[in-house]
There are 2 protein chains.
Amino acid sequence: MTIQKMLDPLVVADVALFSVDTSGLQAHEIDKGLKILLVKRSHAPEQGLWSLPGGILQPEVDSSLQATAERVLRQKVSVEVPYLREVCSFSGPMRDPRGWSIGMLYYALLPRDQVHAIVKDSVDAVEWVPAVGHGLGKLAFDHDAQLDAAVQALRDKVERRALPLHLMPAEFTLGALQKCCEAILGHTLDKSSFRRRLVTEPPVVIALGRKERVGAQRPSQLYKASDSFSFDEPEKYAARSRRKGDNCM
Amino acid sequence: MTIQKMLDPLVVADVALFSVDTSGLQAHEIDKGLKILLVKRSHAPEQGLWSLPGGILQPEVDSSLQATAERVLRQKVSVEVPYLREVCSFSGPMRDPRGWSIGMLYYALLPRDQVHAIVKDSVDAVEWVPAVGHGLGKLAFDHDAQLDAAVQALRDKVERRALPLHLMPAEFTLGALQKCCEAILGHTLDKSSFRRRLVTEPPVVIALGRKERVGAQRPSQLYKASDSFSFDEPEKYAARSRRKGDNCM
DNA sequence: AGAATAGTGTCTGTCAGACAGTATCGC
DNA sequence: GCGATACTGTCTGACAGACACTATTCT
């Protein structure tokens, strides 16, 4: 048993589950709107430390490592996510005290209206904290580095003009969508440019006829994601929409 | 032993090793210039099929999965590469007949003047073939999908304006570098635009004083990679070099 | 001279940031 | 009217594709 542990690597899937909540945030602190779900470890190793939700691969149950990640979210915080993708791996003999281990990192997006994560199984506590600058100290294992990598992966996507519609409820306003992008990127965006993208490009968002009235101001149009929307292929839109011949061939 | 095989996943690192050779290629077949190294499997499973070089993780030896990939290249084709990065994982119970397995895919770049890969250990044959449209039939395991993913990863990089200097010899001409990019992208590029990038941007390539004379034409300037060059951070240059304020904050 | 590649200059369309302006709501 | 947010219009600079042009070598 002990020897086998040394020979066979531990395989784990960790998930950076993101959501966005920009309510009550000033423009200069918009980067605090991107939230990450952390869990408090109730078992050794690293008991008591905060960490990304993660779990060990179960070959009898999981049809892929991504399935492991999905199972982890179901079992630890009982949510199904609309979007979950691999980021990169973390591996080596020292990152987990139990021995040589592989941690496959995934990131997932949760719509704002589904933030009903629940404490369950082998977890002491669950908390949504700002993805950058949470004040919980060092995370378990190498999860600080993992969190950085996940945030970077998400930012890269949005910088490449992907719209994080999976973080939005089914119906949303363009103002809210812009705030969501701003929270991810960590800086504000120009309203005019942002909206121009949405009308210039193929129909990624579709205007519903209805309006949302909320406070003492002009009500805003409601939109929904187009059926053809995919967070995975923003290049199609962003790829400087190849010019005429775009250079030969 | 048998039961253990079912419970503990097989962990493998596979490497897509690229090189570029555009000699003797017409413009319309420039995409055939990107080469991939395939090996013929000498053992079961999938004996006799061509595959990407790969090998099983050895926790006692490897300090990370990337180290596994580097070891595979050393042992199977005796080569050290200047650039090797993770692409993504392939996992599941069916992709390898030996049982539940994880295949971590890496891609590596080999300078054109170091294509002295040698047949070694547990490999029947080694061959450089076009990365797209090689005529060797189905590859072993899911290596066709892996090859596609590796080509895509490399293309994405170059589309995002990274210069594949790791595929070039220490000294090279801009014409050769352009051909290299064209081979990766699969289409020709405009000479003027290509060169403008190189002078506009920070010093990624540095002109040596010397010239290369090769045939019956004007000799071309030789260049080398700048010390600050990194294939990993092209965004710095490509990121539309943020405008003045680039929108607030 | 001619072929072939190296290298430059300029035109032009597209795009995105910037920012001012208009519209529509509650109070 | 005022405040606040929604939405639109236009100016401008930067960049990249396109393409014609010049330069330099060998045969």
# chains A, B, ... in the order shown; residues from 1 in each chain; ligands from 1
call {"tool": "interface_residues", "arguments": {"of": "chain D", "to": "chain B", "cutoff": "6 Å", "atoms": "only C-alpha atoms (C1' of nucleotides)", "output": "NGL selection string"}}
result
:D and (24-26)
call {"tool": "write_last_selection", "arguments": {"atoms": "N, CA and C atoms (P, O5', C5', C4', C3', O3' and C1' of nucleotides)", "output": "PDB file, in the first residue's frame"}}
result
ATOM      1  P    DT D  24      21.827  48.535 -53.593  1.00  0.00           P
ATOM      2  O5'  DT D  24      22.130  46.993 -53.815  1.00  0.00           O
ATOM      3  C5'  DT D  24      21.862  46.082 -52.751  1.00  0.00           C
ATOM      4  C4'  DT D  24      22.014  44.676 -53.256  1.00  0.00           C
ATOM      5  C3'  DT D  24      23.310  44.391 -54.002  1.00  0.00           C
ATOM      6  O3'  DT D  24      23.873  43.221 -53.433  1.00  0.00           O
ATOM      7  C1'  DT D  24      21.483  43.553 -55.189  1.00  0.00           C
ATOM      8  P    DT D  25      25.428  43.102 -53.285  1.00  0.00           P
ATOM      9  O5'  DT D  25      25.723  41.897 -54.282  1.00  0.00           O
ATOM     10  C5'  DT D  25      25.648  40.587 -53.799  1.00  0.00           C
ATOM     11  C4'  DT D  25      24.874  39.687 -54.754  1.00  0.00           C
ATOM     12  C3'  DT D  25      25.671  39.085 -55.884  1.00  0.00           C
ATOM     13  O3'  DT D  25      26.439  37.990 -55.416  1.00  0.00           O
ATOM     14  C1'  DT D  25      23.353  39.467 -56.431  1.00  0.00           C
ATOM     15  P    DC D  26      27.592  37.398 -56.227  1.00  0.00           P
ATOM     16  O5'  DC D  26      26.843  36.415 -57.241  1.00  0.00           O
ATOM     17  C5'  DC D  26      26.008  35.393 -56.707  1.00  0.00           C
ATOM     18  C4'  DC D  26      25.323  34.644 -57.837  1.00  0.00           C
ATOM     19  C3'  DC D  26      26.287  34.105 -58.891  1.00  0.00           C
ATOM     20  O3'  DC D  26      25.921  32.772 -59.210  1.00  0.00           O
ATOM     21  C1'  DC D  26      24.644  35.494 -59.916  1.00  0.00           C
TER      22       DC D  26
END
call {"tool": "select_by_dssp", "arguments": {"residues": "stretch 3-249 of chain A", "states": "alpha helix (DSSP H)", "output": "PyMOL selection string"}}
result
chain A and resi 3-7+65-77+143-159+174-185+191-200+235-238
call {"tool": "closest_residue", "arguments": {"among": "A:Glu80, A:Glu212, A:Asp227, A:Asp14", "to": "chain C", "atoms": "only C-alpha atoms (C1' of nucleotides)"}}
result
A:Glu212
call {"tool": "interface_residues", "arguments": {"of": "chain C", "to": "chain A", "cutoff": "8 Å", "atoms": "only C-alpha atoms (C1' of nucleotides)", "output": "JSON, numbers by chain"}}
result
{"C": [16, 17, 24, 25, 26, 27]}
call {"tool": "write_last_selection", "arguments": {"atoms": "C-alpha atoms (C1' of nucleotides)", "output": "compact mmCIF listing (two decimals), in the first residue's frame"}}
result
# COMPACT_ATOMS: atom_id res chain seq x y z
C1' DA C 16 -11.56 50.68 -31.76
C1' DG C 17 -10.96 54.32 -28.26
C1' DT C 24 -36.16 57.91 -21.28
C1' DC C 25 -37.29 56.78 -16.94
C1' DG C 26 -38.54 58.02 -11.46
C1' DC C 27 -38.83 61.53 -8.30
call {"tool": "atom_distance", "arguments": {"atom1": "atom CA of A:Gly133", "atom2": "atom CA of A:Tyr107"}}
result
18.1 Å
call {"tool": "select_by_dssp", "arguments": {"residues": "stretch 79-126 of chain A", "states": "strand (DSSP E)", "output": "PyMOL selection string"}}
result
chain A and resi 83-92+101-109+123-126
call {"tool": "write_last_selection", "arguments": {"atoms": "C-alpha atoms", "output": "CSV table (one decimal), in the first residue's frame"}}
result
chain,number,residue,atom,x,y,z
A,83,TYR,CA,-19.4,25.7,-18.8
A,84,LEU,CA,-16.4,23.8,-17.6
A,85,ARG,CA,-13.0,23.6,-19.4
A,86,GLU,CA,-9.5,22.4,-18.7
A,87,VAL,CA,-6.9,25.0,-17.9
A,88,CYS,CA,-3.6,23.1,-17.4
A,89,SER,CA,-2.0,20.5,-15.2
A,90,PHE,CA,0.0,20.8,-12.0
A,91,SER,CA,2.2,17.8,-11.2
A,92,GLY,CA,5.2,16.7,-9.2
A,101,SER,CA,0.4,13.8,-7.7
A,102,ILE,CA,-1.3,15.2,-10.8
A,103,GLY,CA,-3.7,18.0,-10.3
A,104,MET,CA,-5.8,18.8,-13.4
A,105,LEU,CA,-7.2,22.3,-13.1
A,106,TYR,CA,-10.6,23.2,-14.6
A,107,TYR,CA,-12.4,26.4,-14.6
A,108,ALA,CA,-16.2,26.7,-14.6
A,109,LEU,CA,-18.7,29.5,-15.0
A,123,VAL,CA,-16.3,20.2,3.3
A,124,ASP,CA,-16.4,22.4,6.4
A,125,ALA,CA,-17.4,25.6,4.7
A,126,VAL,CA,-18.0,27.3,1.4
call {"tool": "closest_atom_pairs", "arguments": {"of": "chain B", "to": "chain A", "cutoff": "10 Å", "atoms": "only C-alpha atoms", "output": "tab-separated table"}}
result
residue	atom	partner	partner_atom	distance
B:Gln4	CA	A:Gln4	CA	9.8
B:Met6	CA	A:Pro59	CA	7.5
B:Leu7	CA	A:Pro59	CA	6.1
B:Asp8	CA	A:Asp8	CA	7.2
B:Pro9	CA	A:Pro59	CA	7.0
B:Leu10	CA	A:Asp8	CA	8.7
B:Val11	CA	A:Pro9	CA	8.2
B:Ala27	CA	A:Met249	CA	8.4
B:His28	CA	A:Met249	CA	7.1
B:Leu57	CA	A:Pro9	CA	8.7
B:Gln58	CA	A:Leu7	CA	7.7
B:Pro59	CA	A:Leu7	CA	6.1
B:Glu60	CA	A:Leu7	CA	7.2
B:Val61	CA	A:Pro93	CA	10.0
B:Asp62	CA	A:Gly92	CA	7.7
B:Ser63	CA	A:Gly92	CA	5.3
B:Ser64	CA	A:Gly92	CA	4.3
B:Leu65	CA	A:Ser91	CA	6.0
B:Gln66	CA	A:Ser91	CA	8.4
B:Ala67	CA	A:Gly92	CA	9.3
B:Glu86	CA	A:Cys88	CA	7.3
B:Val87	CA	A:Cys88	CA	7.9
B:Cys88	CA	A:Cys88	CA	6.7
B:Ser89	CA	A:Glu86	CA	8.1
B:Phe90	CA	A:Ser64	CA	8.0
B:Ser91	CA	A:Ser64	CA	5.1
B:Gly92	CA	A:Ser64	CA	4.3
B:Pro93	CA	A:Ser63	CA	6.4
B:Met94	CA	A:Ser63	CA	8.8
B:Gly99	CA	A:Pro59	CA	9.2
B:Trp100	CA	A:Pro59	CA	6.4
B:Ser101	CA	A:Pro59	CA	8.8
B:Ile102	CA	A:Leu65	CA	8.1
B:Met104	CA	A:Ser89	CA	8.6
B:Asp156	CA	A:Glu235	CA	9.6
B:Glu159	CA	A:Ala239	CA	9.0
B:Arg160	CA	A:Ala239	CA	9.4
B:Gly186	CA	A:Met249	CA	9.0
B:His187	CA	A:Met249	CA	5.9
B:Thr188	CA	A:Cys248	CA	6.1
B:Leu189	CA	A:Asn247	CA	5.9
B:Asp190	CA	A:Asn247	CA	6.0
B:Lys191	CA	A:Asn247	CA	9.7
B:Ser193	CA	A:Asn247	CA	9.7
B:Glu235	CA	A:Asp156	CA	9.6
B:Ala239	CA	A:Glu159	CA	9.0
B:Asp246	CA	A:Leu189	CA	8.5
B:Asn247	CA	A:Leu189	CA	5.8
B:Cys248	CA	A:Thr188	CA	6.0
B:Met249	CA	A:His187	CA	5.8
call {"tool": "residues_around", "arguments": {"residues": "A:Asp142", "least_positions_apart": "3", "cutoff": "7 Å", "atoms": "only C-alpha atoms (C1' of nucleotides)", "output": "PyMOL selection string"}}
result
chain A and resi 95+145-146
call {"tool": "write_last_selection", "arguments": {"atoms": "N, CA and C atoms", "output": "mmCIF file, in the first residue's frame"}}
result
data_model
loop_
_atom_site.group_PDB
_atom_site.id
_atom_site.type_symbol
_atom_site.label_atom_id
_atom_site.label_comp_id
_atom_site.auth_asym_id
_atom_site.auth_seq_id
_atom_site.Cartn_x
_atom_site.Cartn_y
_atom_site.Cartn_z
ATOM 1 N N ARG A 95 3.880 18.541 -4.461
ATOM 2 C CA ARG A 95 2.753 19.456 -4.327
ATOM 3 C C ARG A 95 1.660 18.914 -3.388
ATOM 4 N N ALA A 145 -1.402 29.192 -6.978
ATOM 5 C CA ALA A 145 -0.946 29.213 -8.370
ATOM 6 C C ALA A 145 -2.056 28.763 -9.308
ATOM 7 N N GLN A 146 -2.827 27.787 -8.875
ATOM 8 C CA GLN A 146 -3.924 27.310 -9.711
ATOM 9 C C GLN A 146 -4.953 28.410 -9.925
#
call {"tool": "residues_around", "arguments": {"residues": "A:Met168", "least_positions_apart": "5", "cutoff": "8 Å", "atoms": "only C-alpha atoms (C1' of nucleotides)", "output": "list in words"}}
result
Leu110, Pro111, Arg112, Asp113 and Leu177 of chain A
call {"tool": "write_last_selection", "arguments": {"atoms": "N, CA and C atoms", "output": "short mmCIF file (atom, residue, chain, number, x, y, z; two decimals), in the first residue's frame"}}
result
data_model
loop_
_atom_site.label_atom_id
_atom_site.label_comp_id
_atom_site.auth_asym_id
_atom_site.auth_seq_id
_atom_site.Cartn_x
_atom_site.Cartn_y
_atom_site.Cartn_z
N LEU A 110 -20.53 29.99 -13.48
CA LEU A 110 -21.85 29.81 -12.90
C LEU A 110 -22.67 31.09 -13.08
N PRO A 111 -23.85 30.99 -13.66
CA PRO A 111 -24.68 32.20 -13.83
C PRO A 111 -24.99 32.83 -12.49
N ARG A 112 -25.11 34.14 -12.52
CA ARG A 112 -25.26 34.87 -11.27
C ARG A 112 -26.50 34.46 -10.49
N ASP A 113 -27.53 34.02 -11.20
CA ASP A 113 -28.76 33.69 -10.49
C ASP A 113 -28.77 32.25 -9.99
N LEU A 177 -23.95 42.99 -18.68
CA LEU A 177 -22.95 42.19 -19.38
C LEU A 177 -21.62 42.93 -19.42
#
call {"tool": "closest_residue", "arguments": {"among": "C:DA1, C:DC11, C:DA18, C:DA23", "to": "D:DT5", "atoms": "only C-alpha atoms (C1' of nucleotides)"}}
result
C:DA23
call {"tool": "residues_around", "arguments": {"residues": "C:DT8", "least_positions_apart": "4", "cutoff": "10 Å", "atoms": "only C-alpha atoms (C1' of nucleotides)", "output": "MDAnalysis selection string"}}
result
(chainID B and resid 192) or (chainID D and resid 21:23)
call {"tool": "write_last_selection", "arguments": {"atoms": "C-alpha atoms (C1' of nucleotides)", "output": "PDB file, in the first residue's frame"}}
result
ATOM      1  CA  SER B 192       5.760  43.947 -46.314  1.00  0.00           C
TER       2      SER B 192
ATOM      3  C1'  DC D  21       8.458  49.941 -56.517  1.00  0.00           C
ATOM      4  C1'  DT D  22      13.687  49.795 -55.909  1.00  0.00           C
ATOM      5  C1'  DA D  23      18.047  47.063 -54.727  1.00  0.00           C
TER       6       DA D  23
END
call {"tool": "residues_around", "arguments": {"residues": "A:Leu49", "least_positions_apart": "6", "cutoff": "8 Å", "atoms": "only C-alpha atoms (C1' of nucleotides)", "output": "list in words"}}
result
Lys40, Arg41, Lys138, Leu139 and Ala140 of chain A
call {"tool": "write_last_selection", "arguments": {"atoms": "N, CA and C atoms", "output": "PDB file, in the first residue's frame"}}
result
ATOM      1  N   LYS A  40     -13.523  25.028   2.610  1.00  0.00           N
ATOM      2  CA  LYS A  40     -12.610  24.818   3.733  1.00  0.00           C
ATOM      3  C   LYS A  40     -12.435  23.328   3.917  1.00  0.00           C
ATOM      4  N   ARG A  41     -11.186  22.893   3.885  1.00  0.00           N
ATOM      5  CA  ARG A  41     -10.921  21.454   3.930  1.00  0.00           C
ATOM      6  C   ARG A  41     -11.210  20.893   5.316  1.00  0.00           C
ATOM      7  N   LYS A 138      -2.934  32.010   2.604  1.00  0.00           N
ATOM      8  CA  LYS A 138      -2.480  30.982   1.655  1.00  0.00           C
ATOM      9  C   LYS A 138      -3.523  29.886   1.507  1.00  0.00           C
ATOM     10  N   LEU A 139      -3.726  29.451   0.286  1.00  0.00           N
ATOM     11  CA  LEU A 139      -4.633  28.343   0.029  1.00  0.00           C
ATOM     12  C   LEU A 139      -3.881  27.018   0.172  1.00  0.00           C
ATOM     13  N   ALA A 140      -4.646  25.938   0.211  1.00  0.00           N
ATOM     14  CA  ALA A 140      -4.049  24.610   0.363  1.00  0.00           C
ATOM     15  C   ALA A 140      -3.251  24.228  -0.881  1.00  0.00           C
TER      16      ALA A 140
END
call {"tool": "residues_around", "arguments": {"residues": "B:Leu174", "least_positions_apart": "4", "cutoff": "12 Å", "atoms": "only C-alpha atoms (C1' of nucleotides)", "output": "number ranges by chain"}}
result
B: 163, 165, 168-169, 178-181, 191-192, 194-199, 205-208, 211-212, 219-225; C: 5-7
call {"tool": "write_last_selection", "arguments": {"atoms": "C-alpha atoms (C1' of nucleotides)", "output": "short mmCIF file (atom, residue, chain, number, x, y, z; two decimals), in the first residue's frame"}}
result
data_model
loop_
_atom_site.label_atom_id
_atom_site.label_comp_id
_atom_site.auth_asym_id
_atom_site.auth_seq_id
_atom_site.Cartn_x
_atom_site.Cartn_y
_atom_site.Cartn_z
CA LEU B 163 7.27 34.29 -33.76
CA LEU B 165 11.94 31.38 -33.45
CA MET B 168 14.71 28.44 -36.65
CA PRO B 169 18.46 27.98 -36.42
CA GLN B 178 8.31 34.15 -42.95
CA LYS B 179 8.26 30.81 -44.74
CA CYS B 180 8.24 29.13 -41.35
CA CYS B 181 5.20 31.11 -40.22
CA LYS B 191 6.12 40.27 -47.07
CA SER B 192 5.76 43.95 -46.31
CA PHE B 194 5.38 40.70 -41.98
CA ARG B 195 8.56 42.74 -41.92
CA ARG B 196 6.80 45.81 -40.61
CA ARG B 197 5.79 43.84 -37.53
CA LEU B 198 9.38 43.02 -36.82
CA VAL B 199 10.64 46.59 -36.90
CA VAL B 205 14.82 39.82 -33.74
CA ILE B 206 18.21 41.51 -34.05
CA ALA B 207 20.05 42.10 -37.28
CA LEU B 208 23.57 40.73 -37.37
CA LYS B 211 24.64 38.49 -44.98
CA GLU B 212 23.79 35.12 -46.32
CA PRO B 219 21.89 38.11 -50.40
CA SER B 220 19.77 38.60 -47.32
CA GLN B 221 20.55 39.95 -43.90
CA LEU B 222 21.03 37.47 -41.08
CA TYR B 223 19.12 37.89 -37.84
CA LYS B 224 19.13 36.28 -34.43
CA ALA B 225 16.54 36.06 -31.67
"C1'" DT C 5 15.09 37.07 -54.08
"C1'" DA C 6 15.75 41.14 -50.65
"C1'" DG C 7 13.85 45.02 -49.03
#
call {"tool": "atom_distance", "arguments": {"atom1": "atom CA of B:Arg98", "atom2": "atom CA of B:Ala149"}}
result
23.2 Å
